[in-house]
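S.K.: For reference, the file run.cif (mmCIF, C-alpha atoms) is included below:
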```cif
data_start
#
loop_
_atom_site.group_PDB
_atom_site.id
_atom_site.type_symbol
_atom_site.label_atom_id
_atom_site.label_comp_id
_atom_site.auth_asym_id
_atom_site.auth_seq_id
_atom_site.Cartn_x
_atom_site.Cartn_y
_atom_site.Cartn_z
ATOM 1 C CA MET V 16 27.981 -5.792 29.433
ATOM 2 C CA LEU V 17 24.283 -5.052 30.027
ATOM 3 C CA SER V 18 21.483 -7.183 31.458
ATOM 4 C CA VAL V 19 17.849 -6.082 31.142
ATOM 5 C CA VAL V 20 15.544 -7.321 33.918
ATOM 6 C CA ILE V 21 11.798 -7.651 33.268
ATOM 7 C CA LEU V 22 9.029 -8.941 35.529
ATOM 8 C CA THR V 23 6.128 -10.681 33.826
ATOM 9 C CA PHE V 24 2.706 -12.018 34.699
ATOM 10 C CA ASN V 25 0.289 -12.649 31.833
ATOM 11 C CA SER V 26 2.211 -9.999 29.904
ATOM 12 C CA GLU V 27 1.586 -11.023 26.308
ATOM 13 C CA LYS V 28 -0.019 -7.706 25.303
ATOM 14 C CA TYR V 29 3.175 -5.689 24.763
ATOM 15 C CA LEU V 30 5.860 -8.250 25.508
ATOM 16 C CA LYS V 31 7.125 -8.852 21.976
ATOM 17 C CA GLU V 32 7.568 -5.113 21.402
ATOM 18 C CA VAL V 33 9.250 -4.764 24.809
ATOM 19 C CA LEU V 34 11.698 -7.596 24.126
ATOM 20 C CA GLU V 35 12.449 -6.296 20.625
ATOM 21 C CA SER V 36 13.380 -2.932 22.109
ATOM 22 C CA ALA V 37 15.735 -4.572 24.614
ATOM 23 C CA LYS V 38 17.392 -7.176 22.392
ATOM 24 C CA PHE V 39 20.551 -5.043 22.038
ATOM 25 C CA ALA V 40 21.414 -6.125 25.601
ATOM 26 C CA ASP V 41 23.703 -9.094 26.216
ATOM 27 C CA GLU V 42 20.914 -10.850 28.070
ATOM 28 C CA ILE V 43 17.319 -10.283 29.118
ATOM 29 C CA ILE V 44 16.350 -11.764 32.464
ATOM 30 C CA VAL V 45 12.599 -12.429 32.640
ATOM 31 C CA VAL V 46 11.234 -13.252 36.099
ATOM 32 C CA ASP V 47 7.732 -14.661 35.697
ATOM 33 C CA SER V 48 5.276 -15.141 38.543
ATOM 34 C CA GLY V 49 2.992 -17.759 37.016
ATOM 35 C CA SER V 50 1.751 -16.550 33.629
ATOM 36 C CA LYS V 51 -1.048 -18.566 32.033
ATOM 37 C CA ASP V 52 -1.038 -16.767 28.656
ATOM 38 C CA SER V 53 1.600 -16.873 25.887
ATOM 39 C CA THR V 54 4.258 -14.982 27.877
ATOM 40 C CA ARG V 55 6.610 -17.989 27.989
ATOM 41 C CA GLN V 56 6.200 -18.733 24.286
ATOM 42 C CA ILE V 57 6.967 -15.113 23.337
ATOM 43 C CA CYS V 58 10.114 -15.194 25.460
ATOM 44 C CA ASP V 59 11.215 -18.447 23.827
ATOM 45 C CA GLY V 60 11.327 -16.600 20.502
ATOM 46 C CA PHE V 61 14.286 -14.460 21.647
ATOM 47 C CA SER V 62 17.720 -16.065 21.842
ATOM 48 C CA ASN V 63 19.047 -13.769 24.576
ATOM 49 C CA VAL V 64 16.067 -14.140 26.931
ATOM 50 C CA LYS V 65 16.581 -16.215 30.075
ATOM 51 C CA PHE V 66 13.208 -17.163 31.541
ATOM 52 C CA HIS V 67 12.928 -17.803 35.282
ATOM 53 C CA GLU V 68 9.832 -18.786 37.255
ATOM 54 C CA GLN V 69 9.473 -17.244 40.708
ATOM 55 C CA ALA V 70 6.454 -17.133 43.012
ATOM 56 C CA TRP V 71 5.514 -13.529 43.732
ATOM 57 C CA LEU V 72 7.699 -11.887 46.390
ATOM 58 C CA GLY V 73 6.520 -8.295 46.095
ATOM 59 C CA PHE V 74 7.864 -5.761 43.610
ATOM 60 C CA GLY V 75 11.088 -4.886 45.412
ATOM 61 C CA ALA V 76 12.169 -8.454 46.166
ATOM 62 C CA GLN V 77 11.003 -9.762 42.769
ATOM 63 C CA LYS V 78 13.056 -7.196 40.883
ATOM 64 C CA GLN V 79 16.067 -7.809 43.106
ATOM 65 C CA LYS V 80 15.738 -11.514 42.277
ATOM 66 C CA GLY V 81 16.127 -10.623 38.606
ATOM 67 C CA VAL V 82 19.138 -8.434 39.376
ATOM 68 C CA ASP V 83 20.759 -11.270 41.329
ATOM 69 C CA LEU V 84 20.225 -13.654 38.412
ATOM 70 C CA ALA V 85 21.904 -11.295 35.932
ATOM 71 C CA LYS V 86 25.470 -12.104 34.888
ATOM 72 C CA ASN V 87 26.437 -8.504 34.143
ATOM 73 C CA GLU V 88 27.234 -5.660 36.525
ATOM 74 C CA TRP V 89 25.153 -3.123 34.605
ATOM 75 C CA ILE V 90 21.395 -3.536 34.823
ATOM 76 C CA PHE V 91 18.454 -1.851 33.115
ATOM 77 C CA VAL V 92 15.108 -2.609 34.751
ATOM 78 C CA LEU V 93 12.133 -2.534 32.405
ATOM 79 C CA ASP V 94 8.460 -3.305 33.013
ATOM 80 C CA SER V 95 6.548 -5.567 30.653
ATOM 81 C CA ASP V 96 4.583 -2.592 29.282
ATOM 82 C CA GLU V 97 7.620 -0.349 28.703
ATOM 83 C CA VAL V 98 9.573 0.093 25.470
ATOM 84 C CA ILE V 99 13.103 1.421 25.021
ATOM 85 C CA THR V 100 13.246 3.933 22.169
ATOM 86 C CA ASP V 101 16.061 3.855 19.610
ATOM 87 C CA GLU V 102 17.336 7.179 20.961
ATOM 88 C CA LEU V 103 17.541 5.789 24.486
ATOM 89 C CA LYS V 104 19.141 2.563 23.278
ATOM 90 C CA ASN V 105 21.923 4.491 21.558
ATOM 91 C CA GLU V 106 22.423 6.654 24.636
ATOM 92 C CA ILE V 107 22.680 3.606 26.899
ATOM 93 C CA ILE V 108 25.260 1.995 24.641
ATOM 94 C CA SER V 109 27.279 5.204 24.513
ATOM 95 C CA THR V 110 27.022 5.790 28.270
ATOM 96 C CA LEU V 111 28.235 2.316 29.194
ATOM 97 C CA LYS V 112 31.407 2.726 27.160
ATOM 98 C CA GLU V 113 32.650 5.099 29.843
ATOM 99 C CA PRO V 114 30.126 5.445 32.695
ATOM 100 C CA LYS V 115 30.595 8.432 34.973
ATOM 101 C CA PHE V 116 28.047 7.408 37.599
ATOM 102 C CA SER V 117 26.953 4.267 39.443
ATOM 103 C CA ALA V 118 23.275 4.762 38.541
ATOM 104 C CA TYR V 119 21.191 6.848 36.163
ATOM 105 C CA ASN V 120 17.711 8.332 36.268
ATOM 106 C CA VAL V 121 15.775 7.730 33.062
ATOM 107 C CA ALA V 122 12.711 9.652 31.902
ATOM 108 C CA ARG V 123 9.440 7.866 31.222
ATOM 109 C CA LEU V 124 6.753 9.021 28.779
ATOM 110 C CA ASN V 125 3.443 7.658 30.068
ATOM 111 C CA PHE V 126 0.473 6.831 27.858
ATOM 112 C CA PHE V 127 -2.992 6.993 29.448
ATOM 113 C CA PHE V 128 -5.948 5.743 27.390
ATOM 114 C CA GLY V 129 -3.878 6.075 24.182
ATOM 115 C CA LYS V 130 -2.642 9.612 24.895
ATOM 116 C CA ALA V 131 0.940 10.611 25.753
ATOM 117 C CA ILE V 132 0.778 12.747 28.909
ATOM 118 C CA LYS V 133 3.411 15.466 29.283
ATOM 119 C CA ASN V 134 1.875 17.416 32.172
ATOM 120 C CA MET V 135 0.511 16.551 35.632
ATOM 121 C CA GLY V 136 3.984 15.657 36.914
ATOM 122 C CA LEU V 137 3.847 12.552 34.715
ATOM 123 C CA TYR V 138 6.690 13.668 32.437
ATOM 124 C CA PRO V 139 9.628 13.378 32.477
ATOM 125 C CA ASP V 140 8.759 11.134 35.457
ATOM 126 C CA TYR V 141 12.375 10.244 36.212
ATOM 127 C CA THR V 142 13.169 6.948 37.889
ATOM 128 C CA VAL V 143 16.416 5.035 38.443
ATOM 129 C CA ARG V 144 16.520 2.292 35.812
ATOM 130 C CA LEU V 145 20.163 1.948 34.755
ATOM 131 C CA PHE V 146 22.628 1.034 37.498
ATOM 132 C CA ASN V 147 25.698 -0.949 38.474
ATOM 133 C CA LYS V 148 24.466 -3.675 40.795
ATOM 134 C CA ASN V 149 27.694 -3.526 42.819
ATOM 135 C CA PHE V 150 26.633 -0.087 44.039
ATOM 136 C CA ALA V 151 22.828 -0.264 44.124
ATOM 137 C CA LYS V 152 19.937 -2.547 45.017
ATOM 138 C CA PHE V 153 16.164 -2.525 45.420
ATOM 139 C CA ASP V 154 14.594 -1.886 48.784
ATOM 140 C CA GLY V 155 12.274 -4.539 50.136
ATOM 141 C CA ARG V 156 8.974 -2.709 49.680
ATOM 142 C CA ALA V 157 6.123 -4.709 48.188
ATOM 143 C CA VAL V 158 4.942 -1.724 46.111
ATOM 144 C CA HIS V 159 6.440 1.625 45.062
ATOM 145 C CA GLU V 160 9.879 0.048 45.366
ATOM 146 C CA LYS V 161 13.028 2.127 44.896
ATOM 147 C CA ILE V 162 16.702 1.704 44.077
ATOM 148 C CA ILE V 163 19.013 2.395 47.007
ATOM 149 C CA LEU V 164 22.585 3.492 46.310
ATOM 150 C CA ASN V 165 25.388 2.221 48.539
ATOM 151 C CA ASP V 166 27.210 4.788 50.660
ATOM 152 C CA GLY V 167 30.364 4.351 48.591
ATOM 153 C CA SER V 168 28.706 4.871 45.209
ATOM 154 C CA GLN V 169 29.274 7.766 42.882
ATOM 155 C CA ARG V 170 26.498 10.333 42.652
ATOM 156 C CA LEU V 171 23.425 9.755 40.536
ATOM 157 C CA GLY V 172 23.413 10.756 36.871
ATOM 158 C CA ALA V 173 20.594 11.159 34.345
ATOM 159 C CA LEU V 174 20.086 10.167 30.727
ATOM 160 C CA LYS V 175 18.596 12.584 28.209
ATOM 161 C CA ASN V 176 16.221 10.281 26.338
ATOM 162 C CA HIS V 177 13.046 8.576 27.558
ATOM 163 C CA PHE V 178 11.383 5.201 27.266
ATOM 164 C CA LEU V 179 7.678 4.622 26.602
ATOM 165 C CA HIS V 180 5.256 3.348 29.214
ATOM 166 C CA TYR V 181 1.874 2.066 28.046
ATOM 167 C CA ALA V 182 0.413 2.681 31.486
ATOM 168 C CA TYR V 183 -3.346 2.258 31.071
ATOM 169 C CA GLU V 184 -5.511 1.452 28.075
ATOM 170 C CA SER V 185 -8.835 1.941 29.840
ATOM 171 C CA ILE V 186 -10.428 3.366 32.967
ATOM 172 C CA GLU V 187 -11.340 -0.164 34.038
ATOM 173 C CA GLN V 188 -7.693 -1.220 33.854
ATOM 174 C CA PHE V 189 -6.626 1.822 35.882
ATOM 175 C CA ILE V 190 -9.209 1.158 38.597
ATOM 176 C CA ALA V 191 -8.293 -2.525 38.874
ATOM 177 C CA LYS V 192 -4.557 -1.847 39.121
ATOM 178 C CA GLN V 193 -4.794 1.068 41.533
ATOM 179 C CA ASN V 194 -7.260 -0.816 43.702
ATOM 180 C CA ARG V 195 -4.672 -3.587 43.990
ATOM 181 C CA TYR V 196 -1.825 -1.140 44.663
ATOM 182 C CA SER V 197 -3.826 0.729 47.292
ATOM 183 C CA SER V 198 -4.346 -2.547 49.161
ATOM 184 C CA MET V 199 -0.647 -3.401 48.975
ATOM 185 C CA GLY V 200 0.399 0.044 50.199
ATOM 186 C CA ALA V 201 -2.515 0.784 52.511
ATOM 187 C CA LYS V 202 -1.873 3.290 55.320
ATOM 188 C CA ARG V 203 -5.193 3.664 57.134
ATOM 189 C CA ASN V 204 -5.722 7.274 58.173
ATOM 190 C CA LEU V 205 -9.294 8.590 58.271
ATOM 191 C CA LEU V 206 -8.283 12.261 58.308
ATOM 192 C CA LYS V 207 -6.152 11.846 55.209
ATOM 193 C CA ALA V 208 -8.904 9.789 53.578
ATOM 194 C CA LEU V 209 -11.165 12.832 53.927
ATOM 195 C CA THR V 210 -8.696 15.546 52.917
ATOM 196 C CA SER V 211 -6.040 14.056 50.638
ATOM 197 C CA PRO V 212 -8.244 13.144 47.638
ATOM 198 C CA ALA V 213 -9.300 16.776 47.086
ATOM 199 C CA TRP V 214 -5.702 17.945 47.397
ATOM 200 C CA THR V 215 -4.521 15.247 44.974
ATOM 201 C CA PHE V 216 -7.050 16.356 42.369
ATOM 202 C CA PHE V 217 -6.199 20.062 42.792
ATOM 203 C CA LYS V 218 -2.469 19.396 42.628
ATOM 204 C CA LEU V 219 -2.640 17.258 39.476
ATOM 205 C CA TYR V 220 -5.336 19.122 37.568
ATOM 206 C CA VAL V 221 -4.523 22.735 38.488
ATOM 207 C CA LEU V 222 -1.016 23.100 39.912
ATOM 208 C CA LYS V 223 0.625 20.535 37.623
ATOM 209 C CA GLY V 224 -1.299 21.436 34.497
ATOM 210 C CA GLY V 225 -3.691 18.548 34.068
ATOM 211 C CA PHE V 226 -6.162 20.942 32.444
ATOM 212 C CA LYS V 227 -3.726 21.209 29.517
ATOM 213 C CA GLU V 228 -4.409 17.545 28.749
ATOM 214 C CA GLY V 229 -8.109 18.208 28.166
ATOM 215 C CA PHE V 230 -10.741 15.778 29.389
ATOM 216 C CA THR V 231 -8.127 13.024 29.704
ATOM 217 C CA GLY V 232 -6.310 15.151 32.285
ATOM 218 C CA TYR V 233 -9.526 15.581 34.240
ATOM 219 C CA ILE V 234 -10.145 11.825 34.246
ATOM 220 C CA ILE V 235 -6.579 11.064 35.378
ATOM 221 C CA ALA V 236 -6.785 13.577 38.234
ATOM 222 C CA ARG V 237 -10.123 12.152 39.389
ATOM 223 C CA LEU V 238 -8.815 8.598 39.269
ATOM 224 C CA TYR V 239 -5.665 9.401 41.244
ATOM 225 C CA ALA V 240 -7.813 11.207 43.812
ATOM 226 C CA GLN V 241 -9.885 8.035 44.144
ATOM 227 C CA TYR V 242 -6.693 5.973 44.557
ATOM 228 C CA THR V 243 -5.590 8.300 47.374
ATOM 229 C CA PHE V 244 -8.913 7.746 49.125
ATOM 230 C CA TRP V 245 -8.587 3.954 48.827
ATOM 231 C CA LYS V 246 -5.017 4.021 50.161
ATOM 232 C CA TYR V 247 -6.008 5.804 53.362
ATOM 233 C CA ILE V 248 -9.388 4.194 53.976
ATOM 234 C CA LYS V 249 -8.304 0.550 53.698
#
```
Would you mind writing the file out in structure tokens?
M.R.:
Amino acid sequence: MLSVVILTFNSEKYLKEVLESAKFADEIIVVDSGSKDSTRQICDGFSNVKFHEQAWLGFGAQKQKGVDLAKNEWIFVLDSDEVITDELKNEIISTLKEPKFSAYNVARLNFFFGKAIKNMGLYPDYTVRLFNKNFAKFDGRAVHEKIILNDGSQRLGALKNHFLHYAYESIEQFIAKQNRYSSMGAKRNLLKALTSPAWTFFKLYVLKGGFKEGFTGYIIARLYAQYTFWKYIK
């Protein structure tokens, strides 16, 4: 009844925990873009994992590839550093017995440098993750992809429980990933490169309560401000 779709690339760090959390699904579709670590071997240890190799197409197209490979109508899309909690698992199972919507927003609890962040607009951080693929699909964007609902779909619902996202373990990891994302989503605009970073920091640290997260909140706000600069200067 449910297929979980996961993209992987050298994803051994959290993959076993991720797959364990999703093994209640009928199948797990893993779309791998050329891993050189033990990603394939970890997947082979789960009987309901179907491993597919696919050269990188961009986030939107790569995830849609996984959706197209799934045998079930209902899809849950999970990243390789995200874990479904028991509470969310039970809610998904209950919801799919009699779904009232074509797609559902699901909350995400993000961990930065080992700390769960509940301010800064980073929680509940809703995103569409559970959907009926007959009524929804990914857009074609290479980064910051989104689910698009068909015109004939029922309105969007929301689940109560969250999943865990081990976003960044270190500042170095954050810089490397956001540098890559800023190149993929670059929108060169010199005026915004000058003004937007300061606004990003003020919004995250002051308006959205980053100061409540202590020094970690300050670091996150500074790093996102830097990402904003990269995005508009490249």
S.K.: Using the chain letters and numbers from the file, which residues does the PyMOL selection byres ((chain V and resi 170) around 10) grab, as a list in words?
M.R.: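 Written out, the selection comes to Lys115, Phe116, Ser117, Ala118, Tyr119, Leu164, Asp166, Gly167, Ser168, Gln169, Leu171 and Gly172 of chain V.
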S.K.: With all atoms listed in the file as the atoms that count, which of V:Ile248, V:Leu174, V:Leu238, V:Ile190 lies nearest to Thr215 (chain V)?
M.R.: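 Distance minimum relative to Thr215 (chain V) lands on V:Leu238.
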S.K.: Check which residues satisfy the PyMOL selection byres ((chain V and resi 48-56) around 12) in the file shown, then give them as a ChimeraX atom specification.
M.R.: /V:21-31,33-34,45-47,57-61,64-74,77-78,80-81,95
S.K.: Taking 3 positions as the minimum chain separation for residues in the same chain, which residues sit within 8 Å of Gln79 (chain V) when counting all atoms listed in the file? Answer as a list in words.
M.R.: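 In the requested form, the answer reads Gly75, Ala76, Val82, Asp83, Lys152 and Phe153 of chain V.
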S.K.: Report as number ranges by chain the full result of the PyMOL selection byres ((chain V and resi 239) around 12) when it is applied to this structure.
M.R.: V: 135, 137, 186, 189-190, 192-194, 196-197, 211-220, 225, 232-238, 240-246
S.K.: For those residues, write C-alpha atoms to a file as a PDB file, in the coordinates of the input.
M.R.:
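So out35.pdb came out as:
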```pdb
ATOM      1  CA  MET V 135       0.511  16.551  35.632  1.00  0.00           C
ATOM      2  CA  LEU V 137       3.847  12.552  34.715  1.00  0.00           C
ATOM      3  CA  ILE V 186     -10.428   3.366  32.967  1.00  0.00           C
ATOM      4  CA  PHE V 189      -6.626   1.822  35.882  1.00  0.00           C
ATOM      5  CA  ILE V 190      -9.209   1.158  38.597  1.00  0.00           C
ATOM      6  CA  LYS V 192      -4.557  -1.847  39.121  1.00  0.00           C
ATOM      7  CA  GLN V 193      -4.794   1.068  41.533  1.00  0.00           C
ATOM      8  CA  ASN V 194      -7.260  -0.816  43.702  1.00  0.00           C
ATOM      9  CA  TYR V 196      -1.825  -1.140  44.663  1.00  0.00           C
ATOM     10  CA  SER V 197      -3.826   0.729  47.292  1.00  0.00           C
ATOM     11  CA  SER V 211      -6.040  14.056  50.638  1.00  0.00           C
ATOM     12  CA  PRO V 212      -8.244  13.144  47.638  1.00  0.00           C
ATOM     13  CA  ALA V 213      -9.300  16.776  47.086  1.00  0.00           C
ATOM     14  CA  TRP V 214      -5.702  17.945  47.397  1.00  0.00           C
ATOM     15  CA  THR V 215      -4.521  15.247  44.974  1.00  0.00           C
ATOM     16  CA  PHE V 216      -7.050  16.356  42.369  1.00  0.00           C
ATOM     17  CA  PHE V 217      -6.199  20.062  42.792  1.00  0.00           C
ATOM     18  CA  LYS V 218      -2.469  19.396  42.628  1.00  0.00           C
ATOM     19  CA  LEU V 219      -2.640  17.258  39.476  1.00  0.00           C
ATOM     20  CA  TYR V 220      -5.336  19.122  37.568  1.00  0.00           C
ATOM     21  CA  GLY V 225      -3.691  18.548  34.068  1.00  0.00           C
ATOM     22  CA  GLY V 232      -6.310  15.151  32.285  1.00  0.00           C
ATOM     23  CA  TYR V 233      -9.526  15.581  34.240  1.00  0.00           C
ATOM     24  CA  ILE V 234     -10.145  11.825  34.246  1.00  0.00           C
ATOM     25  CA  ILE V 235      -6.579  11.064  35.378  1.00  0.00           C
ATOM     26  CA  ALA V 236      -6.785  13.577  38.234  1.00  0.00           C
ATOM     27  CA  ARG V 237     -10.123  12.152  39.389  1.00  0.00           C
ATOM     28  CA  LEU V 238      -8.815   8.598  39.269  1.00  0.00           C
ATOM     29  CA  ALA V 240      -7.813  11.207  43.812  1.00  0.00           C
ATOM     30  CA  GLN V 241      -9.885   8.035  44.144  1.00  0.00           C
ATOM     31  CA  TYR V 242      -6.693   5.973  44.557  1.00  0.00           C
ATOM     32  CA  THR V 243      -5.590   8.300  47.374  1.00  0.00           C
ATOM     33  CA  PHE V 244      -8.913   7.746  49.125  1.00  0.00           C
ATOM     34  CA  TRP V 245      -8.587   3.954  48.827  1.00  0.00           C
ATOM     35  CA  LYS V 246      -5.017   4.021  50.161  1.00  0.00           C
TER      36      LYS V 246
END
```
S.K.: Taking all listed atoms of region 99-113 of chain V, build the axis-aligned box, pad each of the six sides by 4 Å, then write its centre and edge lengths in Å to one decimal as JSON.
M.R.:
```
{"center_x": 22.9, "center_y": 4.3, "center_z": 24.7, "size_x": 27.5, "size_y": 13.8, "size_z": 18.2}
```
S.K.: Compare V:Ser36, V:Ser198, V:Ser18, V:Asn147 by their minimum atom-to-atom distance to Glu97 (chain V), counting all atoms listed in the file, and give me the closest one.
M.R.: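 Of V:Ser36, V:Ser198, V:Ser18, V:Asn147, the one nearest Glu97 (chain V), counting all atoms listed in the file, is V:Ser36.
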S.K.: CA of Ala37 (chain V) and CA of Ile99 (chain V) are how many Å apart?
M.R.: 6.6 Å
